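Report on the structure given below.
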Amino acid sequence: MLAYCIRRLLIAIPTILLLIVACFFLMHFAPGGPFTSERPLPPAVLANIEARYGLDQPLWKQLWDYLYNIVVHFDFGPSFKFKDRDVNDIIAQGFPISLTYGSLSFLVATAVGVSLGIAAAIRHNSWIDYFAVGLGIAAQALPNFIMGPILILTFTLWLGWLPGGGWNGGQWQYLIMPVIALATSYMGSIARITRSSMLEVLNSNFIRTARAKGLPTRTVIWRHALKPTLLPVVSYLGPVFVYVLTGSVFVDIYFSTGGLGQAYVGSALSRDYAVLLGVTILYGALTVIVNLLTDLAYAWFDPKIRY
Amino acid sequence: MNKYIRTSLAGLMTSTMITSAAFAAGTHPDTGEALADDQTFIYRLLDEHSSVDPQVVEDTYGAEIARDLFEGLMNQDEEGNLIPGVATGFTTNDTKDVYTFTLRDEAKWSNGEPVTAGDFVYAWKRAVDPALSSPYAWFMELMSIENASEIIAGDKPIDDLGVKAIDDKTLEVTLTAPLPYFAQMTTHSTTFPAPQKVIEEFGDAWTKPENIVSNGAYIWTEHLPQERSVRERNEMYWDNENTILDKVVALVINDENVALTRYLAGELDRTEVPAGQFPRLKQEHPDEAISFPRLCNYYYTFNVSDSGPEEFKDPKVRQALSLAVDRDIITQKVKAGGEPPAYTFVPEATAGFTVPAVEMASMDQAERDELAKELLAEAGYGPDNPLSFEMVYNTDEAHKKVAVALSQMWKQKLGVQVELANMEWKVFLEERGNQNFDLARGAWCGDYNEASTFLDLLQSDSGYNDGKYNNARVDELLAEAKTSDDPAPLYTEVERIIAQETPVIPIYHYAGVYMMDSDVGNWPVNNVEQNWYSRNLYKLAE
């Protein structure tokens, strides 16, 4: 198991390196640069700026310097757009915010989704089932960029209960709408996956055996059916965890949370190379780690899997 | 807290405020209006500002903040007129190429130290310093300060800049050529003073709230990037006793509709009105929906360079397309924010500019359409040989609406086939800058309140002339206007030539279209550059 983990982490290094190189070149080949503006800068001014940020160097040299600074100084470079902040600052400020409401959304989506799915499967074809399926489909059809404006209109303008945006150090009033907006559609998917998986498990032979030997329903469900039911759910949850952190750009835009999603998209649009690369590396590393954790979780859920 | 309780609490608080305001004599010293106890102004920013460093800042939002935090030699009043700032005034020599500014004794930095001429010398040298590589270094060239260009190019040391401190309170500036509007340019943030000791101590991080020292009416107290920033009264400011507003909060809200919702929920005092929503809001909130002219134009430019289409080399084609644009439909139905229709390149609101009587403006739309058809037929295009081209704009809902309306007008009236193409902003700039287009959207906001800030775009060697329009007479007139005492007739002639040759299709001039809480006092609607100073604003008691 430990050897497996080490092997996986070692594979992650060339993976992330490849990600950096691909992203670096794609970025530089996109038309326009960080200092392309509606008011083109005079050549002498532009030359000074490019010299300052090393953009006058050949691409391979820029890439080398970039990697060198990361490995040796853990410095992800300056932001071209925000003059008094560097990439480390931007990530240090935005990531905790994204992580906070992302994790909360993840917990809410998982807890509510799994409960709904299980309830629906146990009471198959009852009103509970129809209600849960209906809710799941409705939730799935409401991605965060639809939920955002609906929530703000309802809770801020009409009811006047919640502030329409901002972060304010993560006070609960400011968290509710971003978390609901982000969690809703994942919650719907999780509920549907859990339900169909549970139904399949409940019809399998070992459950019939468990029932036949006279175990109470509660024990059958919790002791025998739950773990295999969650296997497909867990494989879905891995990517979802990364999505709720990376896919938070709409939440950042609608709720002005100051999270990292906005910096990510903003840096791509303004060609703020170092910020874009820095956030890409962070998200890449996160994906690798979460995938590893998901794979390790498999082994716990399914004794047939061995590493 | 439910809405009912909130409302009654708000009512209670308001009545308390009125009472206490009356006791505290909280009335405006000049107008006598009752002032609110809470003097906080909260406004929306579309996007995070790039910097508040006066020499570095390049975006409007950052400049607005820098104008509150720092004060330059001269300021603008609510009408945009020049008034004293840190300088009490200035004198100039006979040839108008040396300016001498006298600084007021009472001007102080927020750490209590006096503002000296040396602070300006340091700041201006900093602006052109290749090591700082400010994107606004060119502003010092535009100001014609001696040796600015050479220093930026690295050919001379920064100490050769034509600015020196005669003593602590006297600043002398030497120009390469007389510039009639030089003093106006000292209201721009690039020319604000900078605290040398603080910058040397903290480097790029000197503008963080915990480090910054500034000399304006406000100090920078809080900054949560992409979320909010706060500036509060600077007790050290020389005119602090006449400053009414205590606190200014800027909230970053990317989505304009969310911003409007939050405004309507009472979270903001000011936000922009999304395109097309002004008539409804004006009806529902007549006191709050406001529109006033701004110093910006919106146009389409023909590519008349060698790489441009053959069709556009013929002025008749260009003129026909311009004539067939029904500007009233664009301004009244599509934008609907009170924008004035444009028949000239320079907005009417520009100081010292009289709109010339161009022929097109005096015709009605039916006459224009008729003439457009004739001109296009003369140029050899008709049903058998339809004109076709591509028009490009940067991806944006409002630009798309205008582009669709234009292409439909041309199709219906002239049978012209137009292909619409939208591009992401930086791609668009790159393509337009490299003349890879037929017809492209353009917009320009004046850097200063004078017609040349617009007309320079049509000068043949201007870096902003993306259509590569080239007319020797226009160049000559614009060069003459630079040093002329009365450039107005020269600008009028340039506009006449443009109307004849139509290198661009002016569509409309911008309006500032805002929702502004009716308790915000003294918003400078007549300052067309929208250079507003928080210390001139106040909040009225409701």
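By convention here, the chains of the structure tokens are called A, B, ... in the order presented, each chain's residues are numbered starting at 1, and ligands are numbered starting at 1 in the order presented.
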
Extract the full set of alpha helix (DSSP H) residues from range 24-175 of chain A according to DSSP on the backbone, and format it as number ranges by chain.
A: 24-29, 43-53, 59-73, 87-122, 127-140, 144-151, 172-175

Can you list every residue of chain A that has an atom at most 6 Å from chain B, with its nearest atom pair and the distance in Å to one decimal, using only C-alpha atoms, ordered by chain then number, as a Markdown table?
```
| residue | atom | partner | partner_atom | distance |
| --- | --- | --- | --- | --- |
| A:Pro31 | CA | B:Val427 | CA | 5.2 |
| A:Gly32 | CA | B:Lys426 | CA | 5.0 |
| A:Ala44 | CA | B:Ala153 | CA | 5.2 |
| A:Asn48 | CA | B:Ser133 | CA | 5.2 |
| A:Ile49 | CA | B:Ser133 | CA | 4.9 |
| A:Lys81 | CA | B:Ser50 | CA | 5.7 |
| A:Phe82 | CA | B:Ser50 | CA | 4.7 |
| A:Lys83 | CA | B:Ser51 | CA | 5.8 |
| A:Asp84 | CA | B:Ala205 | CA | 5.2 |
| A:Leu157 | CA | B:Ala265 | CA | 4.9 |
| A:Gly160 | CA | B:Lys3 | CA | 5.8 |
| A:Gly164 | CA | B:Arg262 | CA | 5.8 |
| A:Gly166 | CA | B:Glu227 | CA | 6.0 |
| A:Ile253 | CA | B:Asn254 | CA | 5.5 |
| A:Ser256 | CA | B:Glu227 | CA | 5.5 |
| A:Gly258 | CA | B:Gln226 | CA | 4.7 |
```

Excluding range 197-214 of chain A and residues on its chain fewer than 6 positions from it, collect all residues at most 12 Å away from it, counting only C-alpha atoms, and give them as an MDAnalysis selection string.
chainID A and resid 114:125 129 190:191 220:234

Tell me, in Å to one decimal, how far CA of Leu107 in chain A is from CA of Arg7 in chain A.
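Rounded to one decimal, the two atoms are 29.5 Å apart.
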
Could you pull the residues within 8 Å of range 26-30 of chain A, counting only C-alpha atoms, minus those fewer than 2 positions along the same chain, as a count of residues only?
8

Taking 2 positions as the minimum chain separation for residues in the same chain, which residues sit within 12 Å of Asn436 in chain B when counting only C-alpha atoms? Answer as a VMD selection string.
chain B and resid 302 to 309 390 to 392 427 to 434 438 to 440 466 to 468

Write a file of the just-selected residues containing N, CA and C atoms, as a PDB file, in the first residue's frame.
```
ATOM      1  N   PHE B 302     -13.090  51.386 -40.771  1.00  0.00           N
ATOM      2  CA  PHE B 302     -12.792  50.653 -41.999  1.00  0.00           C
ATOM      3  C   PHE B 302     -11.312  50.355 -42.052  1.00  0.00           C
ATOM      4  N   ASN B 303     -10.964  49.202 -42.568  1.00  0.00           N
ATOM      5  CA  ASN B 303      -9.557  48.919 -42.817  1.00  0.00           C
ATOM      6  C   ASN B 303      -9.222  49.458 -44.195  1.00  0.00           C
ATOM      7  N   VAL B 304      -8.563  50.629 -44.230  1.00  0.00           N
ATOM      8  CA  VAL B 304      -8.229  51.221 -45.523  1.00  0.00           C
ATOM      9  C   VAL B 304      -6.748  50.999 -45.848  1.00  0.00           C
ATOM     10  N   SER B 305      -6.104  50.092 -45.098  1.00  0.00           N
ATOM     11  CA  SER B 305      -4.704  49.791 -45.388  1.00  0.00           C
ATOM     12  C   SER B 305      -4.629  48.874 -46.608  1.00  0.00           C
ATOM     13  N   ASP B 306      -3.402  48.526 -46.998  1.00  0.00           N
ATOM     14  CA  ASP B 306      -3.220  47.669 -48.172  1.00  0.00           C
ATOM     15  C   ASP B 306      -3.872  46.303 -47.980  1.00  0.00           C
ATOM     16  N   SER B 307      -3.892  45.847 -46.707  1.00  0.00           N
ATOM     17  CA  SER B 307      -4.465  44.524 -46.468  1.00  0.00           C
ATOM     18  C   SER B 307      -5.993  44.559 -46.412  1.00  0.00           C
ATOM     19  N   GLY B 308      -6.578  45.760 -46.416  1.00  0.00           N
ATOM     20  CA  GLY B 308      -8.027  45.891 -46.335  1.00  0.00           C
ATOM     21  C   GLY B 308      -8.696  45.552 -47.664  1.00  0.00           C
ATOM     22  N   PRO B 309     -10.014  45.360 -47.642  1.00  0.00           N
ATOM     23  CA  PRO B 309     -10.714  44.986 -48.874  1.00  0.00           C
ATOM     24  C   PRO B 309     -10.714  46.136 -49.895  1.00  0.00           C
ATOM     25  N   GLU B 390     -16.837  41.411 -43.897  1.00  0.00           N
ATOM     26  CA  GLU B 390     -16.960  40.865 -42.547  1.00  0.00           C
ATOM     27  C   GLU B 390     -16.790  41.994 -41.531  1.00  0.00           C
ATOM     28  N   MET B 391     -17.615  41.999 -40.490  1.00  0.00           N
ATOM     29  CA  MET B 391     -17.390  42.981 -39.427  1.00  0.00           C
ATOM     30  C   MET B 391     -17.069  42.259 -38.121  1.00  0.00           C
ATOM     31  N   VAL B 392     -16.070  42.771 -37.398  1.00  0.00           N
ATOM     32  CA  VAL B 392     -15.656  42.091 -36.173  1.00  0.00           C
ATOM     33  C   VAL B 392     -15.856  42.987 -34.955  1.00  0.00           C
ATOM     34  N   VAL B 427      -7.589  38.681 -28.498  1.00  0.00           N
ATOM     35  CA  VAL B 427      -7.472  38.235 -29.889  1.00  0.00           C
ATOM     36  C   VAL B 427      -7.951  39.356 -30.809  1.00  0.00           C
ATOM     37  N   PHE B 428      -9.050  39.965 -30.402  1.00  0.00           N
ATOM     38  CA  PHE B 428      -9.621  41.066 -31.169  1.00  0.00           C
ATOM     39  C   PHE B 428      -8.606  42.208 -31.322  1.00  0.00           C
ATOM     40  N   LEU B 429      -7.970  42.595 -30.201  1.00  0.00           N
ATOM     41  CA  LEU B 429      -6.996  43.694 -30.249  1.00  0.00           C
ATOM     42  C   LEU B 429      -5.837  43.352 -31.170  1.00  0.00           C
ATOM     43  N   GLU B 430      -5.394  42.102 -31.075  1.00  0.00           N
ATOM     44  CA  GLU B 430      -4.276  41.652 -31.896  1.00  0.00           C
ATOM     45  C   GLU B 430      -4.644  41.709 -33.391  1.00  0.00           C
ATOM     46  N   GLU B 431      -5.823  41.198 -33.718  1.00  0.00           N
ATOM     47  CA  GLU B 431      -6.260  41.165 -35.122  1.00  0.00           C
ATOM     48  C   GLU B 431      -6.488  42.582 -35.655  1.00  0.00           C
ATOM     49  N   ARG B 432      -7.136  43.392 -34.832  1.00  0.00           N
ATOM     50  CA  ARG B 432      -7.394  44.759 -35.278  1.00  0.00           C
ATOM     51  C   ARG B 432      -6.087  45.529 -35.424  1.00  0.00           C
ATOM     52  N   GLY B 433      -5.190  45.334 -34.468  1.00  0.00           N
ATOM     53  CA  GLY B 433      -3.904  46.031 -34.518  1.00  0.00           C
ATOM     54  C   GLY B 433      -3.042  45.610 -35.696  1.00  0.00           C
ATOM     55  N   ASN B 434      -3.266  44.404 -36.194  1.00  0.00           N
ATOM     56  CA  ASN B 434      -2.493  43.919 -37.349  1.00  0.00           C
ATOM     57  C   ASN B 434      -3.255  44.056 -38.659  1.00  0.00           C
ATOM     58  N   ASP B 438     -12.005  43.660 -41.947  1.00  0.00           N
ATOM     59  CA  ASP B 438     -12.605  44.544 -42.949  1.00  0.00           C
ATOM     60  C   ASP B 438     -13.160  45.785 -42.249  1.00  0.00           C
ATOM     61  N   LEU B 439     -14.055  45.503 -41.289  1.00  0.00           N
ATOM     62  CA  LEU B 439     -14.682  46.580 -40.538  1.00  0.00           C
ATOM     63  C   LEU B 439     -14.636  46.151 -39.072  1.00  0.00           C
ATOM     64  N   ALA B 440     -14.122  47.011 -38.186  1.00  0.00           N
ATOM     65  CA  ALA B 440     -13.962  46.582 -36.796  1.00  0.00           C
ATOM     66  C   ALA B 440     -14.541  47.607 -35.837  1.00  0.00           C
ATOM     67  N   ASP B 466      -5.908  52.016 -36.120  1.00  0.00           N
ATOM     68  CA  ASP B 466      -5.917  50.632 -36.587  1.00  0.00           C
ATOM     69  C   ASP B 466      -6.444  50.485 -38.013  1.00  0.00           C
ATOM     70  N   GLY B 467      -7.225  51.454 -38.482  1.00  0.00           N
ATOM     71  CA  GLY B 467      -7.723  51.375 -39.865  1.00  0.00           C
ATOM     72  C   GLY B 467      -6.704  51.900 -40.860  1.00  0.00           C
ATOM     73  N   LYS B 468      -5.610  52.490 -40.361  1.00  0.00           N
ATOM     74  CA  LYS B 468      -4.525  53.062 -41.170  1.00  0.00           C
ATOM     75  C   LYS B 468      -5.022  54.127 -42.137  1.00  0.00           C
TER      76      LYS B 468
END
```

Which polymer residues have any atom within 7 Å of an atom of range 212-219 of chain B, counting only C-alpha atoms, with same-chain residues fewer than 3 positions away left out, as an MDAnalysis selection string?
chainID B and resid 68:71 108:111 195 206:209 231:234 237 240 535

Mind the document's chain letters and residue numbers, and return as a PyMOL selection string the residues of range 124-279 of chain B that DSSP labels strand (DSSP E).
chain B and resi 163-167+170-174+218-224+228-233+247-252+270-272

Mind dumping the selected residues with C-alpha atoms as a PDB file, in the first residue's frame?
```pdb
ATOM      1  CA  VAL B 163      11.748  68.713 -13.462  1.00  0.00           C
ATOM      2  CA  LYS B 164      13.462  70.145 -10.399  1.00  0.00           C
ATOM      3  CA  ALA B 165      12.763  71.350  -6.890  1.00  0.00           C
ATOM      4  CA  ILE B 166      13.933  74.954  -6.594  1.00  0.00           C
ATOM      5  CA  ASP B 167      13.185  74.687  -2.860  1.00  0.00           C
ATOM      6  CA  THR B 170       8.701  75.386  -5.583  1.00  0.00           C
ATOM      7  CA  LEU B 171       8.623  72.955  -8.495  1.00  0.00           C
ATOM      8  CA  GLU B 172       9.925  73.854 -11.931  1.00  0.00           C
ATOM      9  CA  VAL B 173       9.073  71.880 -15.048  1.00  0.00           C
ATOM     10  CA  THR B 174      10.738  72.302 -18.437  1.00  0.00           C
ATOM     11  CA  TYR B 218      -8.412  59.458   2.206  1.00  0.00           C
ATOM     12  CA  ILE B 219      -6.198  56.656   3.405  1.00  0.00           C
ATOM     13  CA  TRP B 220      -6.284  53.057   2.224  1.00  0.00           C
ATOM     14  CA  THR B 221      -7.477  50.959   5.141  1.00  0.00           C
ATOM     15  CA  GLU B 222      -8.638  47.629   3.760  1.00  0.00           C
ATOM     16  CA  HIS B 223      -8.214  45.623   0.575  1.00  0.00           C
ATOM     17  CA  LEU B 224      -9.622  42.155  -0.029  1.00  0.00           C
ATOM     18  CA  ARG B 228     -13.854  44.878  -1.517  1.00  0.00           C
ATOM     19  CA  SER B 229     -11.633  47.791  -0.639  1.00  0.00           C
ATOM     20  CA  VAL B 230     -12.105  50.589   1.857  1.00  0.00           C
ATOM     21  CA  ARG B 231     -10.686  54.080   2.106  1.00  0.00           C
ATOM     22  CA  GLU B 232     -11.263  56.318   5.090  1.00  0.00           C
ATOM     23  CA  ARG B 233     -10.824  59.965   5.975  1.00  0.00           C
ATOM     24  CA  LYS B 247     -15.638  56.304   4.285  1.00  0.00           C
ATOM     25  CA  VAL B 248     -15.748  54.964   0.738  1.00  0.00           C
ATOM     26  CA  VAL B 249     -16.276  51.266   0.036  1.00  0.00           C
ATOM     27  CA  ALA B 250     -15.732  49.752  -3.415  1.00  0.00           C
ATOM     28  CA  LEU B 251     -17.268  46.313  -3.974  1.00  0.00           C
ATOM     29  CA  VAL B 252     -16.110  44.186  -6.899  1.00  0.00           C
ATOM     30  CA  ARG B 270     -24.130  53.432  -7.118  1.00  0.00           C
ATOM     31  CA  THR B 271     -24.037  50.888  -9.938  1.00  0.00           C
ATOM     32  CA  GLU B 272     -24.060  50.861 -13.730  1.00  0.00           C
TER      33      GLU B 272
END
```

From the options B:Cys296, B:Leu260, B:Thr60, B:Gln435, which residue's atoms come nearest to Thr156 in chain A, counting only C-alpha atoms?
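Closest residue, counting only C-alpha atoms: B:Leu260.
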
So, with only C-alpha atoms as the atoms that count, which of A:Ile193, A:Ala92, A:Ala111, A:Leu215 lies closest to Gln140 in chain A?
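Checking each candidate against Gln140 in chain A, we get A:Ile193 as the closest.
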